[in-house]
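**Student:** You'll find run-v5.txt just under this line, and it carries compact mmCIF, C-alpha atoms.
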# COMPACT_ATOMS: atom_id res chain seq x y z
CA MET B 182 29.88 -29.86 -48.58
CA LYS B 183 28.82 -32.32 -45.89
CA PHE B 184 31.79 -31.25 -43.78
CA LYS B 185 30.82 -27.56 -44.06
CA LYS B 186 27.23 -28.39 -43.20
CA LYS B 187 28.39 -30.35 -40.17
CA VAL B 188 30.57 -27.44 -39.01
CA VAL B 189 27.65 -25.00 -39.37
CA ILE B 190 25.40 -27.29 -37.33
CA MET B 191 28.06 -27.60 -34.63
CA VAL B 192 28.41 -23.81 -34.45
CA LEU B 193 24.66 -23.34 -34.28
CA ASP B 194 24.49 -25.79 -31.38
CA LYS B 195 27.13 -23.92 -29.37
CA ARG B 196 25.81 -22.07 -26.35
CA TRP B 197 27.99 -19.00 -26.95
CA PHE B 198 26.54 -18.64 -30.46
CA GLN B 199 22.99 -18.90 -29.13
CA ILE B 200 23.69 -16.27 -26.44
CA LEU B 201 25.35 -13.97 -29.01
CA THR B 202 22.31 -14.36 -31.28
CA MET B 203 20.03 -13.52 -28.35
CA PHE B 204 21.93 -10.30 -27.63
CA ILE B 205 21.88 -9.32 -31.30
CA LEU B 206 18.12 -9.84 -31.41
CA ILE B 207 17.72 -7.76 -28.22
CA PHE B 208 19.71 -4.86 -29.70
CA LEU B 209 17.74 -5.12 -32.95
CA LEU B 210 14.54 -4.98 -30.91
CA ILE B 211 15.79 -1.86 -29.09
CA LEU B 212 16.69 -0.29 -32.46
CA LEU B 213 13.23 -1.14 -33.82
CA ILE B 214 11.58 0.42 -30.76
CA SER B 215 13.65 3.61 -31.17
CA VAL B 216 12.70 3.86 -34.85
CA THR B 217 9.00 3.23 -34.18
CA ASP B 218 8.80 5.44 -31.08
CA PHE B 219 5.50 6.92 -32.30
CA ILE B 220 3.93 3.52 -31.51
CA PHE B 221 5.51 3.09 -28.09
CA ASP B 222 5.31 6.73 -26.96
CA PRO B 223 1.70 6.40 -25.67
CA ILE B 224 2.72 3.22 -23.82
CA PHE B 225 5.64 4.99 -22.15
CA LYS B 226 3.38 7.92 -21.21
CA TYR B 227 0.91 5.50 -19.65
CA MET B 228 3.73 3.81 -17.73
CA GLY B 229 4.93 7.22 -16.53
CA ALA B 230 1.43 8.11 -15.37
CA VAL B 231 1.08 4.97 -13.25
CA ALA B 232 4.72 4.89 -12.12
CA VAL B 233 4.17 7.07 -9.03
CA PRO B 234 1.27 5.06 -7.52
CA ILE B 235 2.97 1.76 -8.39
CA VAL B 236 6.30 2.78 -6.85
CA GLY B 237 4.58 4.31 -3.80
CA ALA B 238 2.43 1.22 -3.32
CA GLY B 239 5.48 -0.99 -3.84
CA ILE B 240 7.41 0.77 -1.06
CA LEU B 241 4.44 0.49 1.30
CA PHE B 242 3.99 -3.13 0.22
CA TYR B 243 7.49 -4.08 1.35
CA LEU B 244 7.04 -2.13 4.59
CA THR B 245 3.62 -3.58 5.49
CA LYS B 246 4.02 -7.13 4.17
CA PRO B 247 5.73 -8.35 7.40
CA VAL B 248 2.81 -6.94 9.45
CA MET B 249 0.28 -8.76 7.26
CA HIS B 250 2.19 -12.07 7.54
CA PHE B 251 2.48 -11.57 11.30
CA LEU B 252 -1.30 -11.20 11.56
CA GLU B 253 -1.84 -14.24 9.35
CA LYS B 254 0.22 -16.35 11.75
CA TYR B 255 -2.56 -15.80 14.26
CA LYS B 256 -5.14 -17.26 11.82
CA ILE B 257 -6.51 -13.85 10.79
CA ASN B 258 -8.03 -13.83 7.31
CA ARG B 259 -5.88 -12.05 4.71
CA VAL B 260 -8.52 -9.46 3.85
CA PHE B 261 -8.99 -8.63 7.53
CA SER B 262 -5.20 -8.51 7.94
CA ILE B 263 -5.02 -5.99 5.09
CA ILE B 264 -7.79 -3.92 6.68
CA ILE B 265 -5.86 -3.88 9.97
CA VAL B 266 -2.72 -2.80 8.07
CA PHE B 267 -4.67 0.07 6.46
CA LEU B 268 -6.05 1.10 9.85
CA LEU B 269 -2.53 1.16 11.27
CA LEU B 270 -1.37 3.32 8.34
CA ILE B 271 -4.30 5.70 8.89
CA LEU B 272 -3.49 5.88 12.61
CA LEU B 273 0.15 6.62 11.83
CA GLY B 274 -0.85 9.33 9.35
CA PHE B 275 -3.22 10.86 11.92
CA LEU B 276 -0.51 10.97 14.60
CA ILE B 277 1.98 12.53 12.20
CA SER B 278 -0.49 15.14 10.92
CA THR B 279 -1.60 15.97 14.48
CA TYR B 280 1.66 16.12 16.41
CA ILE B 281 4.50 16.53 13.90
CA VAL B 282 3.23 18.39 10.82
CA PRO B 283 2.00 21.57 12.64
CA ILE B 284 5.32 22.02 14.47
CA ALA B 285 7.37 21.30 11.34
CA GLN B 286 5.19 23.65 9.28
CA LYS B 287 5.59 26.47 11.79
CA GLN B 288 9.36 25.98 11.96
CA PHE B 289 9.60 25.84 8.16
CA SER B 290 7.63 29.10 7.83
CA ASN B 291 9.90 30.77 10.38
CA LEU B 292 12.95 29.48 8.52
CA ILE B 293 11.65 30.88 5.20
CA ASP B 294 10.91 34.23 6.86
CA ASN B 295 14.44 34.27 8.27
CA ILE B 296 16.17 33.65 4.91
CA PRO B 297 16.45 37.40 3.98
CA LYS B 298 18.16 38.05 7.31
CA MET B 299 20.57 35.16 6.67
CA VAL B 300 21.28 36.46 3.15
CA SER B 301 21.94 39.93 4.55
CA GLY B 302 24.29 38.43 7.11
CA ALA B 303 26.14 36.55 4.36
CA GLU B 304 26.50 39.80 2.38
CA ASP B 305 27.93 41.56 5.43
CA ILE B 306 30.43 38.74 6.00
CA ILE B 307 31.59 38.80 2.37
CA THR B 308 31.85 42.60 2.37
CA TYR B 309 33.87 42.57 5.60
CA TRP B 310 36.10 39.82 4.23
CA GLN B 311 36.74 41.75 1.02
CA ALA B 312 37.53 44.95 2.93
CA ASN B 313 40.08 43.25 5.17
CA GLN B 314 41.86 41.04 2.66
CA ASN B 315 44.50 42.57 0.37
CA LEU B 316 45.88 39.34 -1.05
CA ILE B 317 42.72 38.12 -2.77
CA PRO B 318 43.35 37.37 -6.48
CA PRO B 319 41.43 39.65 -8.87
CA GLU B 320 39.62 36.64 -10.35
CA VAL B 321 38.21 35.73 -6.94
CA ASN B 322 37.13 39.33 -6.36
CA ASN B 323 35.44 39.47 -9.75
CA THR B 324 33.62 36.21 -9.06
CA ILE B 325 32.40 37.46 -5.69
CA ASN B 326 31.31 40.79 -7.16
CA ASP B 327 29.42 39.05 -9.97
CA PHE B 328 27.71 36.80 -7.49
CA MET B 329 26.77 39.70 -5.23
CA SER B 330 25.42 41.77 -8.14
CA ASN B 331 23.31 38.84 -9.31
CA LEU B 332 22.31 37.69 -5.84
CA GLN B 333 18.72 38.85 -6.31
CA SER B 334 18.38 36.93 -9.57
CA HIS B 335 19.87 33.84 -7.92
CA ILE B 336 17.29 34.11 -5.13
CA GLU B 337 14.50 34.54 -7.68
CA SER B 338 15.72 31.49 -9.58
CA ALA B 339 15.78 29.49 -6.38
CA MET B 340 12.26 30.61 -5.52
CA SER B 341 10.97 29.74 -9.01
CA PHE B 342 12.55 26.33 -8.64
CA ILE B 343 10.82 25.91 -5.28
CA PHE B 344 7.45 26.92 -6.72
CA GLY B 345 7.96 24.58 -9.67
CA PHE B 346 8.82 21.81 -7.24
CA VAL B 347 5.66 22.60 -5.29
CA GLY B 348 3.64 22.28 -8.50
CA GLN B 349 5.21 18.90 -9.20
CA LEU B 350 4.56 17.94 -5.59
CA ILE B 351 0.85 18.71 -6.01
CA GLY B 352 0.70 16.42 -9.04
CA PHE B 353 2.57 13.81 -7.02
CA VAL B 354 0.02 14.10 -4.20
CA PHE B 355 -2.85 13.59 -6.65
CA ALA B 356 -1.09 10.47 -7.96
CA LEU B 357 -0.77 9.21 -4.38
CA VAL B 358 -4.57 8.94 -4.21
CA LEU B 359 -4.26 5.74 -6.26
CA VAL B 360 -1.63 4.24 -3.94
CA PRO B 361 -4.13 2.60 -1.49
CA PHE B 362 -5.85 0.77 -4.35
CA PHE B 363 -2.59 -0.58 -5.75
CA LEU B 364 -1.39 -1.46 -2.24
CA PHE B 365 -4.56 -3.42 -1.44
CA PHE B 366 -4.23 -5.66 -4.48
CA MET B 367 -0.46 -6.04 -4.03
CA LEU B 368 -1.00 -7.31 -0.49
CA LYS B 369 -3.94 -9.48 -1.50
CA ASP B 370 -2.61 -11.04 -4.72
CA GLY B 371 1.13 -10.39 -4.61
CA GLU B 372 2.01 -14.05 -4.09
CA ARG B 373 0.09 -15.02 -7.24
CA PHE B 374 2.28 -12.90 -9.51
CA ALA B 375 5.16 -15.40 -9.86
CA PRO B 376 2.93 -18.43 -10.64
CA PHE B 377 0.99 -16.33 -13.16
CA MET B 378 4.16 -15.19 -14.96
CA THR B 379 5.70 -18.69 -15.09
CA GLN B 380 2.65 -20.73 -16.07
CA ILE B 381 3.67 -20.76 -19.75
CA PHE B 382 7.06 -22.37 -19.02
CA GLU B 383 8.01 -25.96 -18.43
CA LYS B 384 8.01 -27.10 -14.82
CA LYS B 385 11.79 -26.95 -14.23
CA LYS B 386 12.21 -23.63 -16.05
CA ALA B 387 9.21 -22.22 -14.17
CA GLU B 388 10.81 -23.21 -10.85
CA ASN B 389 14.05 -21.52 -11.93
CA ILE B 390 12.27 -18.27 -12.83
CA ARG B 391 10.29 -18.35 -9.58
CA ALA B 392 13.58 -18.75 -7.70
CA LEU B 393 14.90 -15.67 -9.54
CA MET B 394 11.78 -13.67 -8.62
CA HIS B 395 12.19 -14.75 -5.00
CA LYS B 396 15.80 -13.49 -5.01
CA ILE B 397 14.72 -10.16 -6.51
CA ASP B 398 11.99 -9.90 -3.88
CA ASP B 399 14.55 -10.56 -1.12
CA ALA B 400 16.93 -7.93 -2.53
CA LEU B 401 14.20 -5.27 -2.74
CA THR B 402 12.90 -6.18 0.73
CA SER B 403 16.38 -5.87 2.24
CA TYR B 404 17.02 -2.53 0.59
CA ILE B 405 13.65 -0.80 1.05
CA GLN B 406 13.01 -1.93 4.61
CA GLY B 407 16.62 -1.44 5.64
CA GLN B 408 17.14 1.97 4.05
CA LEU B 409 13.91 3.44 5.41
CA ILE B 410 14.48 2.08 8.92
CA VAL B 411 18.05 3.40 8.88
CA SER B 412 16.84 6.82 7.66
CA PHE B 413 14.21 6.94 10.41
CA CYS B 414 16.81 6.09 13.07
CA ILE B 415 19.18 8.78 11.79
CA GLY B 416 16.32 11.32 11.80
CA VAL B 417 15.50 10.49 15.43
CA LEU B 418 19.16 10.70 16.44
CA LEU B 419 19.57 14.05 14.67
CA PHE B 420 16.43 15.44 16.33
CA ILE B 421 17.66 14.41 19.77
CA GLY B 422 21.11 15.87 19.06
CA TYR B 423 19.69 19.14 17.69
CA LEU B 424 17.54 19.53 20.80
CA ILE B 425 20.57 18.95 23.03
CA ILE B 426 22.63 21.65 21.27
CA ASN B 427 19.53 23.93 21.17
CA LEU B 428 19.57 24.32 17.36
CA GLU B 429 16.74 26.38 15.91
CA TYR B 430 14.20 24.64 13.65
CA ALA B 431 15.37 21.30 15.08
CA LEU B 432 12.36 19.24 13.95
CA THR B 433 12.32 20.61 10.39
CA LEU B 434 16.06 20.09 9.94
CA ALA B 435 15.87 16.58 11.42
CA LEU B 436 13.01 15.68 9.05
CA PHE B 437 15.05 17.02 6.13
CA GLY B 438 17.99 14.92 7.31
CA MET B 439 15.78 11.82 7.55
CA ILE B 440 14.52 12.33 3.98
CA MET B 441 18.02 12.94 2.60
CA CYS B 442 19.39 9.84 4.30
CA VAL B 443 17.19 7.76 1.99
CA ILE B 444 19.95 8.46 -0.55
CA PRO B 445 22.72 5.92 0.13
CA PHE B 446 26.15 7.16 1.18
CA LEU B 447 25.75 10.80 0.02
CA GLY B 448 22.52 11.37 1.97
CA PRO B 449 24.11 12.07 5.38
CA PHE B 450 26.43 14.69 3.85
CA LEU B 451 23.51 16.44 2.14
CA ALA B 452 21.39 16.18 5.30
CA VAL B 453 23.74 18.22 7.45
CA ILE B 454 24.30 21.19 5.08
CA PRO B 455 21.14 23.22 5.99
CA ALA B 456 21.70 22.50 9.68
CA ILE B 457 25.28 23.79 9.47
CA ILE B 458 24.11 26.98 7.71
CA VAL B 459 21.35 27.63 10.25
CA GLY B 460 23.71 26.84 13.13
CA PHE B 461 26.38 29.18 11.75
CA PHE B 462 23.99 32.14 11.65
CA GLN B 463 22.65 31.22 15.08
CA ASP B 464 26.15 30.88 16.58
CA PRO B 465 29.32 29.64 14.80
CA MET B 466 29.94 27.23 17.67
CA VAL B 467 26.50 25.69 17.12
CA ALA B 468 27.56 24.82 13.56
CA VAL B 469 30.53 22.93 15.01
CA TRP B 470 28.20 21.05 17.36
CA VAL B 471 25.95 20.19 14.40
CA VAL B 472 28.90 18.45 12.74
CA VAL B 473 29.63 16.61 16.00
CA VAL B 474 25.99 15.48 16.26
CA MET B 475 26.05 14.20 12.67
CA ILE B 476 29.29 12.29 13.25
CA ILE B 477 27.88 10.67 16.40
CA ALA B 478 24.63 9.78 14.60
CA GLN B 479 26.63 8.29 11.71
CA GLN B 480 28.78 6.22 14.07
CA ILE B 481 25.73 4.85 15.91
CA GLU B 482 24.01 4.09 12.60
CA GLY B 483 27.09 2.52 11.00
CA ASN B 484 28.04 0.33 13.98
CA PHE B 485 24.70 -0.65 15.48
CA VAL B 486 21.72 0.11 13.21
CA SER B 487 22.81 -0.81 9.66
CA PRO B 488 24.56 -4.10 10.51
CA ASN B 489 21.46 -5.34 12.35
CA VAL B 490 18.87 -3.98 9.92
CA MET B 491 20.43 -4.27 6.46
CA GLY B 492 23.31 -6.57 7.18
CA ARG B 493 25.23 -7.48 4.06
CA ALA B 494 22.21 -8.51 2.01
CA LEU B 495 23.06 -6.38 -1.03
CA LYS B 496 26.86 -6.78 -0.78
CA LEU B 497 27.56 -3.46 -2.49
CA HIS B 498 30.99 -1.84 -2.23
CA PRO B 499 30.91 1.86 -1.20
CA LEU B 500 32.81 2.81 -4.37
CA THR B 501 30.14 1.06 -6.45
CA VAL B 502 27.43 3.01 -4.61
CA ILE B 503 29.19 6.36 -5.22
CA THR B 504 29.68 5.58 -8.92
CA LEU B 505 26.05 4.54 -9.31
CA ILE B 506 24.72 7.66 -7.59
CA LEU B 507 26.90 10.05 -9.61
CA ALA B 508 26.05 8.35 -12.91
CA ALA B 509 22.32 8.07 -12.17
CA GLY B 510 22.18 11.68 -10.94
CA SER B 511 23.69 12.99 -14.19
CA ILE B 512 21.32 10.86 -16.29
CA ALA B 513 17.99 11.02 -14.42
CA GLY B 514 18.44 13.67 -11.72
CA PHE B 515 17.07 13.20 -8.23
CA LEU B 516 14.89 10.22 -9.17
CA GLY B 517 17.94 8.51 -10.63
CA ILE B 518 19.80 9.02 -7.35
CA LEU B 519 16.90 7.49 -5.40
CA PHE B 520 16.44 4.41 -7.55
CA ALA B 521 20.00 3.73 -8.76
CA VAL B 522 20.99 1.36 -5.96
CA PRO B 523 17.84 -0.82 -5.90
CA PHE B 524 17.87 -0.97 -9.73
CA TYR B 525 21.51 -2.06 -9.66
CA ALA B 526 20.73 -4.63 -6.95
CA VAL B 527 17.95 -6.13 -9.11
CA VAL B 528 20.13 -6.21 -12.24
CA LYS B 529 23.00 -7.76 -10.29
CA THR B 530 20.66 -10.42 -8.86
CA ILE B 531 19.39 -11.28 -12.35
CA ILE B 532 22.89 -11.50 -13.86
CA VAL B 533 24.25 -13.64 -11.02
CA HIS B 534 21.25 -15.97 -11.23
CA PHE B 535 21.54 -16.39 -15.00
CA TYR B 536 25.28 -17.00 -14.72
CA LYS B 537 24.71 -19.70 -12.09
CA THR B 538 22.00 -21.23 -14.30
CA TYR B 539 24.44 -21.21 -17.22
CA GLN B 540 27.07 -22.95 -15.10
CA ASP B 541 24.53 -25.58 -13.99
CA SER B 542 23.42 -26.14 -17.58
CA LYS B 543 26.93 -27.31 -18.47
CA VAL B 544 26.37 -30.28 -16.18
CA ASN B 545 22.68 -30.83 -16.98
CA GLN B 546 21.17 -29.45 -20.17
CA ASP B 547 17.70 -29.49 -18.61
CA ASP B 548 18.77 -26.66 -16.26
CA ALA B 549 19.21 -24.24 -19.18
CA LEU B 550 16.70 -21.40 -19.48
CA ILE B 551 17.43 -20.75 -23.16
Please render this file's structure as structure tokens.
**Tutor:**
Amino acid sequence: MKFKKKVVIMVLDKRWFQILTMFILIFLLILLISVTDFIFDPIFKYMGAVAVPIVGAGILFYLTKPVMHFLEKYKINRVFSIIIVFLLLILLGFLISTYIVPIAQKQFSNLIDNIPKMVSGAEDIITYWQANQNLIPPEVNNTINDFMSNLQSHIESAMSFIFGFVGQLIGFVFALVLVPFFLFFMLKDGERFAPFMTQIFEKKKAENIRALMHKIDDALTSYIQGQLIVSFCIGVLLFIGYLIINLEYALTLALFGMIMCVIPFLGPFLAVIPAIIVGFFQDPMVAVWVVVVMIIAQQIEGNFVSPNVMGRALKLHPLTVITLILAAGSIAGFLGILFAVPFYAVVKTIIVHFYKTYQDSKVNQDDALI
């Protein structure tokens, strides 16, 4: 009996048993939450309601934090530094709304008005192709005929999707009204978050958790600042290239490309599709030049911009990025595509940190977090 009791005590003291117990408790907690979803549903709705302003303020926080710290180096009070940051953001918004938005809006309206003409041209091309091809399999012909007969319904579906997206965009804009308030307090009290969260832990464990939070902050800073700067550079390069090849709606298509390039890896391929379509209907040779412009922009970005801006901070393999984007897109749609890589970077940082802590705890038990 004493021997069995001793064996049980030894097993209970093993780290692997404690970790296994922790995972079991976590899964039981998840199961309990799923069973009692009527309790947590209001909480999740509240989190969804504040997600947009928090995420928007978080992105602006990582973009403006270096400016605030730069001003503080010159002995400017933090509150005044934040006010200067807000004034710079207002100035930037004024310049964009004055000099960029009207041109882009006009080009976008012209592009929308030109869509029926482009659709008609596509119908003529398909009809000509069908009339001059005798070796087309019947299945292909049937597919083309079905598509042509339902073309109007496809256009209507696309337009309803656009209007639905506009409705969601209006709700998104209303949520953005709260972003300045969240941003102000993030800039003002952001450095107090880690000490507040770790005050209940022992000193050494608190230092370990603060180190983890610092690593997560570095990973998010590298990704958000790097990805947005890279996207901006690609947008500028595309705009210059589109002007050189005299592509219609150059500013609108370049802005679309800049937004799409926020998506890692797949963004540049998505960015060039509308430009190729517009260029093809303008002149087939222009479509070829659009591809050339995109390749040149990608080479400049890949060899000069990304290495100097993002470096190898996240250390993500391209295959990992593709897998993450495809999986996140099928699970959570466009938002999943946007946030898959930073979410993975945070999870990877946490796992690597806990593994290193576990390795250190083998040498010194005081280094253990659990």
**Student:** Between B:Ile531, B:Phe261, B:Ile293, B:Ile220, which one has atoms that come closest to Arg391 of chain B, using all atoms listed in the file?
**Tutor:**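 Between B:Ile531, B:Phe261, B:Ile293, B:Ile220, the residue approaching Arg391 of chain B most closely is B:Ile531.
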**Student:** Leaving out segment 379-382 of chain B and any residue of its chain fewer than 5 positions from it, which residues lie within 12 Å of it when counting all atoms listed in the file, given as an MDAnalysis selection string?
**Tutor:** chainID B and resid 373:374 387:394 550:551
**Student:** Kindly export the residues of the current selection with C-alpha atoms, as a PDB file, keeping the file's coordinate frame.
**Tutor:**
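As a result, again07.pdb now contains:
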ATOM      1  CA  ARG B 373       0.090 -15.020  -7.240  1.00  0.00           C
ATOM      2  CA  PHE B 374       2.280 -12.900  -9.510  1.00  0.00           C
ATOM      3  CA  ALA B 387       9.210 -22.220 -14.170  1.00  0.00           C
ATOM      4  CA  GLU B 388      10.810 -23.210 -10.850  1.00  0.00           C
ATOM      5  CA  ASN B 389      14.050 -21.520 -11.930  1.00  0.00           C
ATOM      6  CA  ILE B 390      12.270 -18.270 -12.830  1.00  0.00           C
ATOM      7  CA  ARG B 391      10.290 -18.350  -9.580  1.00  0.00           C
ATOM      8  CA  ALA B 392      13.580 -18.750  -7.700  1.00  0.00           C
ATOM      9  CA  LEU B 393      14.900 -15.670  -9.540  1.00  0.00           C
ATOM     10  CA  MET B 394      11.780 -13.670  -8.620  1.00  0.00           C
ATOM     11  CA  LEU B 550      16.700 -21.400 -19.480  1.00  0.00           C
ATOM     12  CA  ILE B 551      17.430 -20.750 -23.160  1.00  0.00           C
TER      13      ILE B 551
END
**Student:** Taking into account only C-alpha atoms, which residue in the set B:Gly517, B:Pro361, B:Gly510, B:Gly422 is nearest to Val474 of chain B?
**Tutor:**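 Ranked by minimum distance to Val474 of chain B, first place goes to B:Gly422.
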**Student:** Tell me which of B:Ile512, B:Met466, B:Ile444, B:Ile296 sits closest to Leu428 of chain B, counting all atoms listed in the file.
**Tutor:**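 With all atoms listed in the file as the atom set, the closest residue is B:Met466.
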**Student:** Can you measure atom CA of Ser403 of chain B to atom CA of Gln479 of chain B for me? One decimal in Å is fine.
**Tutor:**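 Atom-to-atom, atom CA of Ser403 of chain B to atom CA of Gln479 of chain B, that is 19.9 Å.
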**Student:** Using only C-alpha atoms, which of B:Phe363, B:Phe446, B:Phe420, B:Phe520 sits nearest Val231 of chain B?
**Tutor:** B:Phe363
**Student:** With only C-alpha atoms as the basis for distance, which of B:Leu409, B:Ile265, B:Met249, B:Ile284 is at the shortest distance from Leu368 of chain B?
**Tutor:** B:Met249
**Student:** Would you mind writing segment 290-298 of chain B with all heavy atoms, as a PDB file, keeping the file's coordinate frame?
**Tutor:**
ATOM      1  N   SER B 290       8.051  27.725   8.152  1.00  0.00           N
ATOM      2  CA  SER B 290       7.630  29.100   7.830  1.00  0.00           C
ATOM      3  C   SER B 290       8.572  30.113   8.462  1.00  0.00           C
ATOM      4  O   SER B 290       8.961  31.105   7.821  1.00  0.00           O
ATOM      5  CB  SER B 290       6.195  29.330   8.322  1.00  0.00           C
ATOM      6  OG  SER B 290       5.293  28.450   7.686  1.00  0.00           O
ATOM      7  N   ASN B 291       8.954  29.872   9.718  1.00  0.00           N
ATOM      8  CA  ASN B 291       9.900  30.770  10.380  1.00  0.00           C
ATOM      9  C   ASN B 291      11.259  30.768   9.682  1.00  0.00           C
ATOM     10  O   ASN B 291      11.911  31.815   9.569  1.00  0.00           O
ATOM     11  CB  ASN B 291      10.064  30.374  11.845  1.00  0.00           C
ATOM     12  CG  ASN B 291       8.800  30.602  12.656  1.00  0.00           C
ATOM     13  OD1 ASN B 291       7.956  31.428  12.293  1.00  0.00           O
ATOM     14  ND2 ASN B 291       8.644  29.870  13.750  1.00  0.00           N
ATOM     15  N   LEU B 292      11.668  29.585   9.221  1.00  0.00           N
ATOM     16  CA  LEU B 292      12.950  29.480   8.520  1.00  0.00           C
ATOM     17  C   LEU B 292      12.895  30.260   7.202  1.00  0.00           C
ATOM     18  O   LEU B 292      13.848  30.983   6.866  1.00  0.00           O
ATOM     19  CB  LEU B 292      13.277  28.014   8.257  1.00  0.00           C
ATOM     20  CG  LEU B 292      14.565  27.732   7.467  1.00  0.00           C
ATOM     21  CD1 LEU B 292      15.775  28.297   8.188  1.00  0.00           C
ATOM     22  CD2 LEU B 292      14.733  26.233   7.237  1.00  0.00           C
ATOM     23  N   ILE B 293      11.795  30.136   6.454  1.00  0.00           N
ATOM     24  CA  ILE B 293      11.650  30.880   5.200  1.00  0.00           C
ATOM     25  C   ILE B 293      11.647  32.380   5.462  1.00  0.00           C
ATOM     26  O   ILE B 293      12.281  33.164   4.732  1.00  0.00           O
ATOM     27  CB  ILE B 293      10.345  30.463   4.475  1.00  0.00           C
ATOM     28  CG1 ILE B 293      10.423  29.002   4.035  1.00  0.00           C
ATOM     29  CG2 ILE B 293      10.081  31.361   3.272  1.00  0.00           C
ATOM     30  CD1 ILE B 293      11.515  28.700   3.040  1.00  0.00           C
ATOM     31  N   ASP B 294      10.949  32.802   6.518  1.00  0.00           N
ATOM     32  CA  ASP B 294      10.910  34.230   6.860  1.00  0.00           C
ATOM     33  C   ASP B 294      12.282  34.747   7.277  1.00  0.00           C
ATOM     34  O   ASP B 294      12.574  35.951   7.125  1.00  0.00           O
ATOM     35  CB  ASP B 294       9.907  34.479   7.992  1.00  0.00           C
ATOM     36  CG  ASP B 294       8.475  34.203   7.562  1.00  0.00           C
ATOM     37  OD1 ASP B 294       8.208  34.248   6.347  1.00  0.00           O
ATOM     38  OD2 ASP B 294       7.633  33.928   8.452  1.00  0.00           O
ATOM     39  N   ASN B 295      13.135  33.860   7.778  1.00  0.00           N
ATOM     40  CA  ASN B 295      14.440  34.270   8.270  1.00  0.00           C
ATOM     41  C   ASN B 295      15.515  34.252   7.186  1.00  0.00           C
ATOM     42  O   ASN B 295      16.633  34.703   7.423  1.00  0.00           O
ATOM     43  CB  ASN B 295      14.861  33.339   9.418  1.00  0.00           C
ATOM     44  CG  ASN B 295      15.938  33.947  10.288  1.00  0.00           C
ATOM     45  OD1 ASN B 295      15.977  35.158  10.489  1.00  0.00           O
ATOM     46  ND2 ASN B 295      16.833  33.107  10.784  1.00  0.00           N
ATOM     47  N   ILE B 296      15.176  33.749   5.983  1.00  0.00           N
ATOM     48  CA  ILE B 296      16.170  33.650   4.910  1.00  0.00           C
ATOM     49  C   ILE B 296      16.718  35.019   4.502  1.00  0.00           C
ATOM     50  O   ILE B 296      17.942  35.174   4.333  1.00  0.00           O
ATOM     51  CB  ILE B 296      15.575  32.901   3.695  1.00  0.00           C
ATOM     52  CG1 ILE B 296      15.503  31.405   4.007  1.00  0.00           C
ATOM     53  CG2 ILE B 296      16.417  33.132   2.439  1.00  0.00           C
ATOM     54  CD1 ILE B 296      14.912  30.571   2.900  1.00  0.00           C
ATOM     55  N   PRO B 297      15.875  36.074   4.318  1.00  0.00           N
ATOM     56  CA  PRO B 297      16.450  37.400   3.980  1.00  0.00           C
ATOM     57  C   PRO B 297      17.469  37.887   4.993  1.00  0.00           C
ATOM     58  O   PRO B 297      18.491  38.472   4.615  1.00  0.00           O
ATOM     59  CB  PRO B 297      15.215  38.311   3.937  1.00  0.00           C
ATOM     60  CG  PRO B 297      14.076  37.394   3.618  1.00  0.00           C
ATOM     61  CD  PRO B 297      14.402  36.113   4.323  1.00  0.00           C
ATOM     62  N   LYS B 298      17.210  37.647   6.266  1.00  0.00           N
ATOM     63  CA  LYS B 298      18.160  38.050   7.310  1.00  0.00           C
ATOM     64  C   LYS B 298      19.465  37.274   7.167  1.00  0.00           C
ATOM     65  O   LYS B 298      20.554  37.848   7.327  1.00  0.00           O
ATOM     66  CB  LYS B 298      17.535  37.796   8.687  1.00  0.00           C
ATOM     67  CG  LYS B 298      18.419  38.206   9.844  1.00  0.00           C
ATOM     68  CD  LYS B 298      17.728  37.939  11.173  1.00  0.00           C
ATOM     69  CE  LYS B 298      18.643  38.286  12.346  1.00  0.00           C
ATOM     70  NZ  LYS B 298      17.994  37.981  13.654  1.00  0.00           N
TER      71      LYS B 298
END
